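Structure data (mmCIF, C-alpha atoms) from protein-v4.cif:
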```cif
data_start
loop_
_atom_site.label_atom_id
_atom_site.label_comp_id
_atom_site.auth_asym_id
_atom_site.auth_seq_id
_atom_site.Cartn_x
_atom_site.Cartn_y
_atom_site.Cartn_z
CA MET A 1 86.84 77.52 99.64
CA ASP A 2 84.42 74.71 98.97
CA ILE A 3 84.63 74.55 95.21
CA ILE A 4 85.90 72.14 92.57
CA ASP A 5 89.60 71.57 93.04
CA LEU A 6 90.83 71.76 89.47
CA SER A 7 94.05 69.98 90.34
CA THR A 8 92.16 66.75 91.03
CA VAL A 9 89.84 66.62 88.06
CA GLU A 10 90.28 66.06 84.36
CA ARG A 11 91.11 69.49 82.98
CA GLY A 12 88.47 70.59 80.54
CA GLU A 13 85.87 73.16 79.66
CA GLU A 14 83.12 71.48 81.70
CA ASN A 15 85.13 71.65 84.89
CA TYR A 16 86.21 75.24 84.32
CA LEU A 17 82.54 76.14 83.90
CA GLY A 18 81.66 74.15 87.02
CA PHE A 19 84.35 76.03 88.92
CA ILE A 20 82.94 79.35 87.70
CA ASP A 21 79.37 78.38 88.71
CA GLN A 22 80.44 77.33 92.19
CA LEU A 23 82.53 80.47 92.58
CA CYS A 24 79.44 82.58 91.89
CA GLN A 25 77.35 80.63 94.40
CA LYS A 26 80.01 80.72 97.09
CA LEU A 27 80.87 84.40 96.71
CA GLU A 28 77.33 85.73 96.11
CA LEU A 29 78.00 86.77 92.53
CA ASP A 30 75.71 86.85 89.47
CA TYR A 31 78.16 85.90 86.75
CA ALA A 32 81.83 85.14 86.32
CA SER A 33 84.09 84.74 83.33
CA TYR A 34 87.70 83.85 82.78
CA ALA A 35 89.74 84.88 79.77
CA THR A 36 93.34 84.48 78.74
CA THR A 37 95.06 85.85 75.67
CA SER A 38 97.65 83.82 73.83
CA PRO A 39 100.99 85.63 74.09
CA ILE A 40 101.71 84.46 70.52
CA SER A 41 98.51 84.96 68.52
CA GLY A 42 96.66 87.35 70.82
CA ALA A 43 93.61 85.08 70.51
CA VAL A 44 91.27 85.12 73.50
CA GLN A 45 90.32 81.82 75.15
CA GLY A 46 87.62 81.98 77.74
CA TYR A 47 84.94 80.42 79.89
CA ALA A 48 81.84 82.18 81.23
CA ASN A 49 78.47 81.40 82.78
CA TYR A 50 76.72 84.43 81.29
CA PRO A 51 73.26 83.86 79.75
CA ASP A 52 73.60 82.16 76.36
CA ALA A 53 71.99 85.08 74.56
CA TRP A 54 74.65 87.48 75.88
CA LYS A 55 77.41 85.04 74.97
CA MET A 56 76.04 84.81 71.42
CA HIS A 57 75.71 88.58 71.17
CA TYR A 58 79.26 89.00 72.48
CA MET A 59 80.80 86.40 70.18
CA ARG A 60 78.90 87.38 67.06
CA ARG A 61 80.20 90.92 67.40
CA ASN A 62 83.71 89.76 68.34
CA LEU A 63 83.55 92.01 71.40
CA GLN A 64 86.49 90.12 72.98
CA ARG A 65 88.72 91.99 70.54
CA ILE A 66 88.06 95.35 72.17
CA ASP A 67 86.71 94.44 75.63
CA PRO A 68 88.68 96.61 78.10
CA THR A 69 87.77 94.27 80.98
CA ILE A 70 90.12 91.86 79.18
CA HIS A 71 92.74 94.02 77.50
CA THR A 72 93.00 97.02 79.79
CA ALA A 73 92.52 95.19 83.09
CA ALA A 74 95.47 92.95 82.16
CA LEU A 75 97.73 95.99 82.58
CA SER A 76 96.97 96.29 86.29
CA ILE A 77 98.45 94.29 89.17
CA ALA A 78 95.36 94.97 91.32
CA PRO A 79 91.75 93.98 90.64
CA VAL A 80 90.14 96.61 88.39
CA ASP A 81 86.63 97.72 89.30
CA TRP A 82 84.64 98.40 86.15
CA SER A 83 83.78 101.88 87.48
CA ARG A 84 87.27 102.69 86.23
CA PHE A 85 85.88 102.27 82.70
CA GLU A 86 83.07 104.78 83.24
CA ARG A 87 84.24 107.10 80.49
CA ASN A 88 85.78 104.39 78.33
CA GLU A 89 84.31 104.27 74.79
CA LYS A 90 85.26 100.63 74.28
CA PHE A 91 83.58 99.61 77.53
CA ASP A 92 80.40 101.38 76.39
CA ALA A 93 80.63 99.70 73.00
CA VAL A 94 80.85 96.27 74.64
CA PHE A 95 78.30 96.77 77.40
CA PHE A 96 75.75 99.23 75.97
CA ALA A 97 73.20 96.43 75.41
CA ALA A 98 74.20 94.31 78.41
CA ASN A 99 71.17 95.32 80.48
CA ASP A 100 68.83 93.92 77.81
CA PHE A 101 70.50 90.56 78.31
CA GLY A 102 70.23 90.69 82.10
CA VAL A 103 73.93 91.41 82.53
CA CYS A 104 74.86 94.38 84.69
CA LYS A 105 77.81 96.72 84.26
CA GLN A 106 78.85 96.49 87.90
CA GLY A 107 81.83 94.20 88.02
CA ILE A 108 85.46 93.72 88.78
CA THR A 109 88.29 92.00 86.92
CA VAL A 110 91.08 90.23 88.78
CA PRO A 111 94.20 90.13 86.60
CA ILE A 112 96.51 87.15 87.01
CA ARG A 113 100.13 86.91 85.89
CA GLY A 114 101.97 83.64 85.45
CA PRO A 115 105.72 82.99 85.51
CA TYR A 116 106.09 82.86 81.72
CA GLY A 117 104.51 86.21 80.93
CA ASP A 118 101.10 84.55 80.61
CA ARG A 119 98.17 86.63 81.79
CA GLY A 120 94.60 85.77 82.67
CA MET A 121 91.54 87.71 83.79
CA LEU A 122 88.79 86.56 86.13
CA SER A 123 85.80 88.91 85.90
CA VAL A 124 82.77 88.81 88.16
CA THR A 125 79.53 90.83 88.23
CA ARG A 126 76.79 91.47 90.76
CA ASP A 127 73.65 93.54 90.33
CA CYS A 128 73.18 95.37 93.64
CA SER A 129 73.49 98.83 95.21
CA ALA A 130 76.85 100.55 95.17
CA GLU A 131 77.09 100.20 98.96
CA GLU A 132 76.41 96.46 98.87
CA TRP A 133 78.94 96.10 96.06
CA ALA A 134 81.64 97.86 98.07
CA MET A 135 80.95 95.64 101.08
CA LEU A 136 80.87 92.45 99.03
CA LYS A 137 84.17 93.31 97.35
CA ARG A 138 85.90 93.80 100.69
CA LYS A 139 84.52 90.48 101.91
CA ILE A 140 85.45 88.33 98.91
CA MET A 141 88.59 89.97 97.50
CA GLY A 142 91.01 87.50 99.10
CA ASP A 143 89.01 84.46 97.94
CA LEU A 144 88.70 85.98 94.48
CA GLN A 145 92.48 86.34 94.21
CA VAL A 146 93.03 82.72 95.25
CA ALA A 147 90.32 81.45 92.87
CA ALA A 148 91.69 83.53 89.98
CA VAL A 149 95.20 82.11 90.29
CA HIS A 150 93.89 78.56 90.82
CA LEU A 151 91.79 78.72 87.65
CA HIS A 152 94.50 80.41 85.58
CA ASP A 153 97.15 77.88 86.60
CA ALA A 154 94.79 75.00 85.80
CA VAL A 155 94.04 76.37 82.33
CA MET A 156 97.72 77.05 81.66
CA GLN A 157 98.61 73.49 82.64
CA SER A 158 96.00 71.92 80.40
CA ASP A 159 98.60 70.54 78.01
CA LEU A 160 101.42 68.20 78.85
CA ILE A 161 104.35 70.47 77.93
CA SER A 162 103.05 73.30 80.12
CA ARG A 163 102.48 70.87 82.95
CA VAL A 164 106.10 69.74 82.83
CA MET A 165 107.36 73.34 82.53
CA ARG A 166 105.30 74.31 85.51
CA LEU A 167 106.32 71.51 87.87
CA PRO A 168 106.28 73.18 91.27
CA ARG A 169 109.59 74.56 92.45
CA MET A 170 109.32 74.36 96.23
CA SER A 171 111.68 76.01 98.69
CA ALA A 172 113.15 74.08 101.61
CA ARG A 173 110.87 76.09 103.93
CA GLU A 174 107.77 75.20 101.94
CA LYS A 175 108.67 71.49 102.01
CA GLU A 176 109.39 71.78 105.74
CA VAL A 177 105.97 73.26 106.61
CA LEU A 178 104.28 70.63 104.43
CA GLN A 179 106.29 67.84 106.08
CA TRP A 180 105.19 69.02 109.53
CA SER A 181 101.59 69.34 108.27
CA ALA A 182 101.84 65.73 107.09
CA ALA A 183 102.87 64.87 110.66
CA GLY A 184 99.62 66.38 111.88
CA LYS A 185 101.05 69.64 113.21
CA HIS A 186 98.99 72.80 113.13
CA GLN A 187 100.24 76.25 112.19
CA GLN A 188 101.03 77.23 115.79
CA ASP A 189 102.93 73.96 116.41
CA ILE A 190 104.95 74.45 113.22
CA SER A 191 105.65 78.03 114.24
CA ASP A 192 107.04 76.80 117.60
CA ILE A 193 109.06 74.00 116.00
CA LEU A 194 110.64 76.16 113.29
CA MET A 195 110.84 79.27 115.46
CA ILE A 196 109.17 81.48 112.88
CA SER A 197 105.94 83.44 113.37
CA PRO A 198 102.58 81.76 112.64
CA ARG A 199 102.07 84.40 109.95
CA THR A 200 105.26 83.35 108.18
CA VAL A 201 104.19 79.70 108.44
CA GLU A 202 100.89 80.68 106.79
CA ILE A 203 102.70 82.53 103.97
CA HIS A 204 104.87 79.49 103.17
CA LEU A 205 101.90 77.11 103.47
CA ARG A 206 99.80 79.25 101.14
CA SER A 207 102.63 79.51 98.64
CA ALA A 208 103.14 75.72 98.83
CA ARG A 209 99.41 75.08 98.32
CA GLU A 210 99.21 77.38 95.35
CA LYS A 211 102.38 76.01 93.73
CA LEU A 212 100.85 72.55 94.00
CA GLY A 213 97.53 73.82 92.62
CA ALA A 214 95.78 72.76 95.83
CA LEU A 215 93.03 74.64 97.63
CA THR A 216 93.58 72.99 101.03
CA THR A 217 96.66 72.02 103.02
CA ALA A 218 95.54 68.36 103.15
CA GLN A 219 95.35 68.34 99.36
CA ALA A 220 98.80 69.93 99.10
CA VAL A 221 100.28 67.33 101.47
CA GLY A 222 98.82 64.53 99.36
CA ARG A 223 100.18 65.96 96.15
CA ALA A 224 103.59 66.71 97.67
CA ILE A 225 103.88 63.08 98.80
CA GLY A 226 102.76 61.94 95.34
CA LEU A 227 105.48 64.05 93.73
CA GLY A 228 108.10 62.78 96.16
CA LEU A 229 108.68 66.27 97.58
CA ILE A 230 108.03 65.14 101.17
CA TYR A 231 107.85 61.78 102.94
CA PRO A 232 104.65 60.07 104.08
CA SER A 233 104.62 60.39 107.86
CA MET B 1 100.25 112.82 98.66
CA ILE B 2 100.33 109.37 97.05
CA THR B 3 99.41 108.66 93.45
CA ILE B 4 99.11 105.06 92.32
CA VAL B 5 100.36 104.84 88.76
CA ASP B 6 99.85 101.60 86.86
CA ALA B 7 100.02 100.66 83.18
CA ILE B 8 96.40 101.76 82.76
CA ASN B 9 96.87 105.39 83.78
CA ALA B 10 100.59 105.69 82.92
CA ALA B 11 99.88 107.87 79.88
CA GLN B 12 98.20 110.45 82.14
CA HIS B 13 101.19 110.46 84.51
CA LYS B 14 104.17 110.58 82.14
CA HIS B 15 105.75 113.52 83.95
CA LEU B 16 105.33 111.89 87.37
CA LEU B 17 106.89 108.64 86.09
CA GLY B 18 109.82 110.49 84.51
CA GLU B 19 110.51 112.35 87.75
CA MET B 20 110.30 109.05 89.64
CA PHE B 21 112.86 107.37 87.37
CA LYS B 22 115.12 110.40 87.91
CA LEU B 23 114.75 110.12 91.68
CA ARG B 24 115.63 106.43 91.45
CA ALA B 25 118.78 107.28 89.44
CA ARG B 26 119.86 109.81 92.11
CA VAL B 27 119.25 107.35 94.92
CA PHE B 28 120.23 103.93 93.57
CA ALA B 29 123.03 104.88 91.16
CA ASP B 30 124.47 108.11 92.60
CA ARG B 31 123.97 107.70 96.35
CA LEU B 32 123.88 103.94 96.97
CA GLY B 33 126.12 102.85 94.09
CA TRP B 34 123.92 99.95 92.98
CA ALA B 35 124.83 98.47 89.59
CA VAL B 36 121.70 99.79 87.89
CA ASN B 37 121.01 100.96 84.34
CA VAL B 38 120.73 104.76 84.00
CA GLN B 39 119.79 106.46 80.73
CA ASN B 40 119.12 110.19 80.34
CA GLY B 41 119.35 110.52 84.10
CA MET B 42 116.60 107.94 84.62
CA GLU B 43 116.98 104.53 86.25
CA SER B 44 114.88 101.61 85.03
CA ASP B 45 115.21 97.85 84.60
CA MET B 46 113.38 94.95 82.91
CA PHE B 47 110.76 94.82 85.66
CA ASP B 48 109.62 98.34 84.83
CA LYS B 49 108.60 96.91 81.43
CA LEU B 50 106.32 94.32 83.05
CA ASP B 51 103.51 96.73 83.91
CA PRO B 52 104.18 97.15 87.64
CA ALA B 53 102.27 99.60 89.82
CA TYR B 54 104.05 102.48 91.56
CA ALA B 55 103.14 104.33 94.72
CA ILE B 56 104.55 107.81 94.12
CA SER B 57 104.74 110.50 96.80
CA THR B 58 104.71 114.16 95.80
CA ASN B 59 105.25 117.19 98.05
CA ASP B 60 103.14 120.38 98.10
CA ASP B 61 105.10 121.72 95.11
CA GLY B 62 104.26 118.62 93.10
CA GLU B 63 107.83 117.28 93.21
CA VAL B 64 108.37 113.52 93.45
CA VAL B 65 109.91 112.83 96.86
CA GLY B 66 109.41 109.09 97.32
CA CYS B 67 108.31 105.94 95.54
CA MET B 68 107.90 102.18 95.61
CA ARG B 69 107.36 99.59 92.87
CA LEU B 70 104.87 96.73 93.25
CA LEU B 71 104.55 93.46 91.31
CA GLN B 72 102.57 90.26 91.77
CA THR B 73 104.62 87.27 93.00
CA THR B 74 102.60 84.93 90.74
CA GLY B 75 104.34 86.43 87.70
CA PRO B 76 107.94 87.42 86.97
CA HIS B 77 109.44 89.51 89.76
CA MET B 78 112.88 90.33 91.17
CA LEU B 79 113.13 87.65 93.86
CA SER B 80 112.08 84.87 91.50
CA ASP B 81 114.04 86.03 88.49
CA ILE B 82 117.26 87.80 89.50
CA PHE B 83 117.60 88.02 93.28
CA ALA B 84 117.47 84.27 94.01
CA CYS B 85 120.82 84.66 95.79
CA LEU B 86 119.08 86.71 98.51
CA LEU B 87 116.94 83.63 99.19
CA ASP B 88 120.07 81.41 99.35
CA ASP B 89 119.06 80.14 95.88
CA GLU B 90 115.76 78.78 97.17
CA PRO B 91 112.70 79.16 94.89
CA ALA B 92 110.75 82.34 95.73
CA ILE B 93 107.35 82.52 97.39
CA ARG B 94 104.59 82.48 94.76
CA SER B 95 101.21 83.45 96.12
CA SER B 96 98.02 85.14 94.96
CA ARG B 97 98.00 87.01 98.31
CA VAL B 98 101.62 88.26 98.31
CA TRP B 99 103.03 91.18 96.31
CA GLU B 100 106.66 92.17 95.91
CA ALA B 101 107.80 95.69 96.82
CA THR B 102 111.08 96.91 95.34
CA ARG B 103 112.96 100.13 94.50
CA PHE B 104 111.68 101.89 97.60
CA CYS B 105 113.37 105.26 98.00
CA VAL B 106 112.91 108.81 99.27
CA ASP B 107 114.60 112.04 98.20
CA THR B 108 117.05 112.76 101.02
CA THR B 109 118.22 116.01 99.39
CA ARG B 110 114.76 117.58 99.04
CA LEU B 111 113.68 116.33 102.46
CA SER B 112 115.01 117.22 105.88
CA GLY B 113 115.98 114.85 108.65
CA THR B 114 113.29 116.08 110.99
CA GLY B 115 110.06 118.08 111.04
CA THR B 116 106.69 117.35 109.55
CA ARG B 117 105.51 117.08 105.96
CA ASN B 118 108.93 117.51 104.41
CA SER B 119 110.79 115.02 106.53
CA ILE B 120 112.30 111.73 105.43
CA SER B 121 110.29 109.78 107.99
CA TYR B 122 106.98 111.39 106.94
CA VAL B 123 107.46 110.52 103.27
CA THR B 124 108.77 107.04 104.13
CA SER B 125 105.63 106.37 106.16
CA GLU B 126 103.38 107.91 103.52
CA VAL B 127 104.75 105.69 100.73
CA MET B 128 104.37 102.61 102.95
CA ILE B 129 100.82 103.51 104.01
CA GLY B 130 99.82 104.16 100.39
CA SER B 131 101.34 100.91 99.17
CA PHE B 132 99.88 98.76 101.94
CA GLU B 133 96.39 100.29 101.71
CA TYR B 134 96.43 99.77 97.95
CA ALA B 135 97.56 96.15 98.49
CA MET B 136 94.96 95.43 101.18
CA GLU B 137 92.16 96.66 98.95
CA ALA B 138 93.40 94.18 96.35
CA GLY B 139 93.07 91.30 98.85
CA ILE B 140 96.81 91.15 99.51
CA THR B 141 97.87 90.03 103.01
CA ASP B 142 101.66 90.29 102.87
CA ALA B 143 104.52 91.75 100.86
CA VAL B 144 108.04 90.58 100.19
CA ALA B 145 110.52 93.41 99.81
CA VAL B 146 114.14 93.87 98.83
CA ILE B 147 115.79 96.47 101.06
CA ASP B 148 119.21 97.39 102.47
CA PRO B 149 120.34 97.29 106.12
CA VAL B 150 119.94 101.08 106.50
CA MET B 151 116.32 100.82 105.38
CA ASP B 152 115.85 97.87 107.73
CA ARG B 153 116.98 100.08 110.65
CA VAL B 154 114.79 102.98 109.52
CA MET B 155 111.80 100.66 109.34
CA ARG B 156 112.46 99.18 112.77
CA ARG B 157 112.59 102.70 114.21
CA SER B 158 109.37 103.83 112.54
CA GLY B 159 106.87 101.23 113.76
CA ASN B 160 107.33 99.39 110.51
CA ALA B 161 109.73 96.54 111.33
CA PRO B 162 109.70 93.62 108.89
CA SER B 163 107.53 90.77 110.17
CA ASP B 164 110.24 88.31 109.14
CA TYR B 165 113.41 87.86 107.12
CA LEU B 166 113.96 85.49 104.16
CA GLY B 167 117.29 84.00 103.10
CA SER B 168 120.33 86.05 104.10
CA PRO B 169 121.79 89.50 103.29
CA LYS B 170 124.15 89.61 100.29
CA PRO B 171 126.50 92.30 98.94
CA MET B 172 125.11 94.26 95.96
CA GLY B 173 127.58 96.83 94.65
CA LYS B 174 128.54 99.17 97.46
CA VAL B 175 125.77 97.99 99.76
CA THR B 176 124.09 94.89 101.09
CA ALA B 177 120.58 93.79 100.11
CA LEU B 178 118.17 91.57 101.98
CA ALA B 179 114.68 90.11 101.50
CA VAL B 180 112.04 90.77 104.15
CA LEU B 181 108.37 90.04 104.75
CA MET B 182 105.85 92.70 105.77
CA ASP B 183 102.21 92.08 106.66
CA CYS B 184 99.79 94.36 104.82
CA SER B 185 97.49 94.79 107.80
CA PRO B 186 95.51 97.48 109.63
CA GLU B 187 97.90 96.98 112.59
CA ARG B 188 100.97 97.93 110.55
CA ILE B 189 99.16 100.86 108.92
CA ASN B 190 98.04 102.14 112.34
CA ARG B 191 101.61 101.94 113.68
CA LEU B 192 102.87 103.84 110.63
CA ARG B 193 100.13 106.46 110.98
CA ASP B 194 100.84 106.90 114.71
CA PHE B 195 104.56 107.23 114.09
CA ALA B 196 104.23 109.84 111.33
CA GLY B 197 101.12 111.57 112.68
CA ILE B 198 99.28 110.92 109.40
CA ARG B 199 95.51 110.81 109.96
CA HIS B 200 94.18 111.84 106.55
CA ASP B 201 93.60 109.84 103.36
CA VAL B 202 97.05 109.75 101.71
CA PHE B 203 95.73 109.19 98.17
CA ASP B 204 95.29 111.65 95.36
CA ARG B 205 91.78 110.38 94.54
CA GLN B 206 91.27 112.77 91.64
CA SER B 207 94.03 111.63 89.35
CA GLN B 208 93.89 108.02 90.45
CA MET B 209 90.75 107.35 88.49
CA ALA B 210 91.70 109.55 85.57
CA ASP B 211 92.17 106.95 82.91
#
```

Please rewrite the model in this file as structure tokens.
Amino acid sequence: MDIIDLSTVERGEENYLGFIDQLCQKLELDYASYATTSPISGAVQGYANYPDAWKMHYMRRNLQRIDPTIHTAALSIAPVDWSRFERNEKFDAVFFAANDFGVCKQGITVPIRGPYGDRGMLSVTRDCSAEEWAMLKRKIMGDLQVAAVHLHDAVMQSDLISRVMRLPRMSAREKEVLQWSAAGKHQQDISDILMISPRTVEIHLRSAREKLGALTTAQAVGRAIGLGLIYPS
Amino acid sequence: MITIVDAINAAQHKHLLGEMFKLRARVFADRLGWAVNVQNGMESDMFDKLDPAYAISTNDDGEVVGCMRLLQTTGPHMLSDIFACLLDDEPAIRSSRVWEATRFCVDTTRLSGTGTRNSISYVTSEVMIGSFEYAMEAGITDAVAVIDPVMDRVMRRSGNAPSDYLGSPKPMGKVTALAVLMDCSPERINRLRDFAGIRHDVFDRQSQMAD
């Protein structure tokens, strides 16, 4: 995906918002928001590119305290389409005026879980027909999952202690596929060399990329060399 | 019929969940002799407290006859937290596109060896189809699973062979456990459907959305 790689930039609100804007452009979405709740205080921290008026309305009424797209969606392992909240009183309480602010109630929340019990939610909306929405979801679901975890990990690593706690723990296989990538080998070559299927190579490569907070394999190779996990070829 | 129960609709499916934990006790504690925690005839562990999703198969009488537990690999899960030995102590795969499937079982006493809807192979296939279709809709491409060698053979025979193996098999109580990879793909689902003769939608769409 051609969007800001949060592992390379100064972590901060501006870049999270930039990431959210580019995500919307890339995946044909109207708005996106990310929220995480502190496991200790329960306080919600979030970033969104909604219209300012809606953000003000939402914050002034403290809607984040009851918003089921944050609190209920976090209970699922799969993305939760907001149609699941059709008869939910809290959803109605949060979104009853949304249309007046140009925000539609057609959306989906991708819940993310981190290794320390941390949870995050990436929500996206798109005003279109139900058929278009179903098609769009099928098309972008994989990219949405990757983007959600990338953003969540970046936010979680925004302080030094978390960054140290979350130093990537790479398996021998993951280092091996990265080392061969550094040597210029493609997935099929690596599959032949290691005698594992190309699909398995892809699974280890993806896992390695995500552990390193990288969106591309080239980026992951660079970071792995920087961290001394593999050798420069 | 498959019902997906997660922590959002769990309250509506208390009975189903209870029956599932009882089935797991009969299979994992009584039949397989795994060192699992059973209370009031129900088997559960710490991962059941982490809001997993379950694919639960019920027969025409509404009895639970099969199940599987699903968790994201980005968060705590069995291979990263307690089954590292199965991966030869290597760190587990952590990916936004990979889920972990554990505690797969079917009720061998209520089901027969052969036949149609009430056979072991039908329910096995149904649970797998339900889980993989649910995963694919969520943008998931592959699953890691913890199984035993008997299950491995059953899967190989039913058009559902693991796409790869991770680490190496290790003894767990009376049996051996191993970690495998399975692609969540239309190809695998088609093979499963062909094998079991399942053409219809396996989901209970009514109760799925009942939150």

Translate the PyMOL selection byres ((chain A) within 6 of (chain B)), as applied to the file shown, into an explicit residue set as a JSON list (two decimals) with C-alpha atoms, in the coordinates of the input.
```
[["chain", "number", "residue", "atom", "x", "y", "z"],
["A", 75, "LEU", "CA", 97.73, 95.99, 82.58],
["A", 78, "ALA", "CA", 95.36, 94.97, 91.32],
["A", 79, "PRO", "CA", 91.75, 93.98, 90.64],
["A", 113, "ARG", "CA", 100.13, 86.91, 85.89],
["A", 114, "GLY", "CA", 101.97, 83.64, 85.45],
["A", 115, "PRO", "CA", 105.72, 82.99, 85.51],
["A", 141, "MET", "CA", 88.59, 89.97, 97.50],
["A", 142, "GLY", "CA", 91.01, 87.50, 99.10],
["A", 145, "GLN", "CA", 92.48, 86.34, 94.21],
["A", 146, "VAL", "CA", 93.03, 82.72, 95.25],
["A", 171, "SER", "CA", 111.68, 76.01, 98.69],
["A", 207, "SER", "CA", 102.63, 79.51, 98.64]]
```

For the PyMOL selection byres ((chain B and resi 14-31) around 9), applied here, can you spell out every residue it catches as number ranges by chain?
B: 5, 10-13, 32-44, 54, 56, 58, 62-67, 103-108

Prev. selection, C-alpha atoms, output as a PDB file, keeping the file's coordinate frame:
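Listing of part_30.pdb after writing:
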```pdb
ATOM      1  CA  VAL B   5     100.360 104.840  88.760  1.00  0.00           C
ATOM      2  CA  ALA B  10     100.590 105.690  82.920  1.00  0.00           C
ATOM      3  CA  ALA B  11      99.880 107.870  79.880  1.00  0.00           C
ATOM      4  CA  GLN B  12      98.200 110.450  82.140  1.00  0.00           C
ATOM      5  CA  HIS B  13     101.190 110.460  84.510  1.00  0.00           C
ATOM      6  CA  LEU B  32     123.880 103.940  96.970  1.00  0.00           C
ATOM      7  CA  GLY B  33     126.120 102.850  94.090  1.00  0.00           C
ATOM      8  CA  TRP B  34     123.920  99.950  92.980  1.00  0.00           C
ATOM      9  CA  ALA B  35     124.830  98.470  89.590  1.00  0.00           C
ATOM     10  CA  VAL B  36     121.700  99.790  87.890  1.00  0.00           C
ATOM     11  CA  ASN B  37     121.010 100.960  84.340  1.00  0.00           C
ATOM     12  CA  VAL B  38     120.730 104.760  84.000  1.00  0.00           C
ATOM     13  CA  GLN B  39     119.790 106.460  80.730  1.00  0.00           C
ATOM     14  CA  ASN B  40     119.120 110.190  80.340  1.00  0.00           C
ATOM     15  CA  GLY B  41     119.350 110.520  84.100  1.00  0.00           C
ATOM     16  CA  MET B  42     116.600 107.940  84.620  1.00  0.00           C
ATOM     17  CA  GLU B  43     116.980 104.530  86.250  1.00  0.00           C
ATOM     18  CA  SER B  44     114.880 101.610  85.030  1.00  0.00           C
ATOM     19  CA  TYR B  54     104.050 102.480  91.560  1.00  0.00           C
ATOM     20  CA  ILE B  56     104.550 107.810  94.120  1.00  0.00           C
ATOM     21  CA  THR B  58     104.710 114.160  95.800  1.00  0.00           C
ATOM     22  CA  GLY B  62     104.260 118.620  93.100  1.00  0.00           C
ATOM     23  CA  GLU B  63     107.830 117.280  93.210  1.00  0.00           C
ATOM     24  CA  VAL B  64     108.370 113.520  93.450  1.00  0.00           C
ATOM     25  CA  VAL B  65     109.910 112.830  96.860  1.00  0.00           C
ATOM     26  CA  GLY B  66     109.410 109.090  97.320  1.00  0.00           C
ATOM     27  CA  CYS B  67     108.310 105.940  95.540  1.00  0.00           C
ATOM     28  CA  ARG B 103     112.960 100.130  94.500  1.00  0.00           C
ATOM     29  CA  PHE B 104     111.680 101.890  97.600  1.00  0.00           C
ATOM     30  CA  CYS B 105     113.370 105.260  98.000  1.00  0.00           C
ATOM     31  CA  VAL B 106     112.910 108.810  99.270  1.00  0.00           C
ATOM     32  CA  ASP B 107     114.600 112.040  98.200  1.00  0.00           C
ATOM     33  CA  THR B 108     117.050 112.760 101.020  1.00  0.00           C
TER      34      THR B 108
END
```

Which protein, DNA or RNA residues are at most 10 Å from (98.7, 73.7, 93.2) in the file's coordinates when you count all atoms listed in the file, listed as number ranges by chain?
A: 5-8, 149-150, 153-154, 167-168, 206-216, 219-220, 223-224

When you look at range 86-93 of chain A with a cut-off of 9 Å (counting only C-alpha atoms), what residues show up, excluding the ones that are within fewer than 6 positions of it in the same chain? I need them as a ChimeraX atom specification.
/A:63,66-69 /B:211

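Take CA of Arg166 in chain A and CA of Ile112 in chain A: the distance between them is 15.6 Å.
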
Taken to one decimal, the CA of Ser158 in chain A-CA of Glu13 in chain A distance is 10.2 Å

re CA of Ala74 in chain A and CA of Thr37 in chain A: distance 9.6 Å

Target residues per the PyMOL selection byres ((chain A and resi 127-136) around 12), formatted as a ChimeraX atom specification
/A:26-31,81-83,98-99,102-108,124-126,137-144 /B:137

Leaving out Lys170 in chain B and any residue of its chain fewer than 5 positions from it, which residues lie within 12 Å of it when counting all atoms listed in the file, given as a PyMOL selection string?
chain B and resi 83-89+146-149+175-179

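Restricting the calculation to only C-alpha atoms, the smallest distance between Thr36 in chain A and any of A:Val80, A:Ile196, A:Leu23, A:Ala48 is found for A:Ala48.
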
Which residue of B:Val180, B:Ala101, B:Leu79, B:Met1 approaches Asp61 in chain B most closely, using only C-alpha atoms:
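Answer, going by the shortest atom-to-atom distance: B:Met1.
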
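Minimum distance to Ile77 in chain A across B:Glu100, B:Asp201, B:Asp194, B:Asp45 (counting all atoms listed in the file) occurs at B:Glu100.
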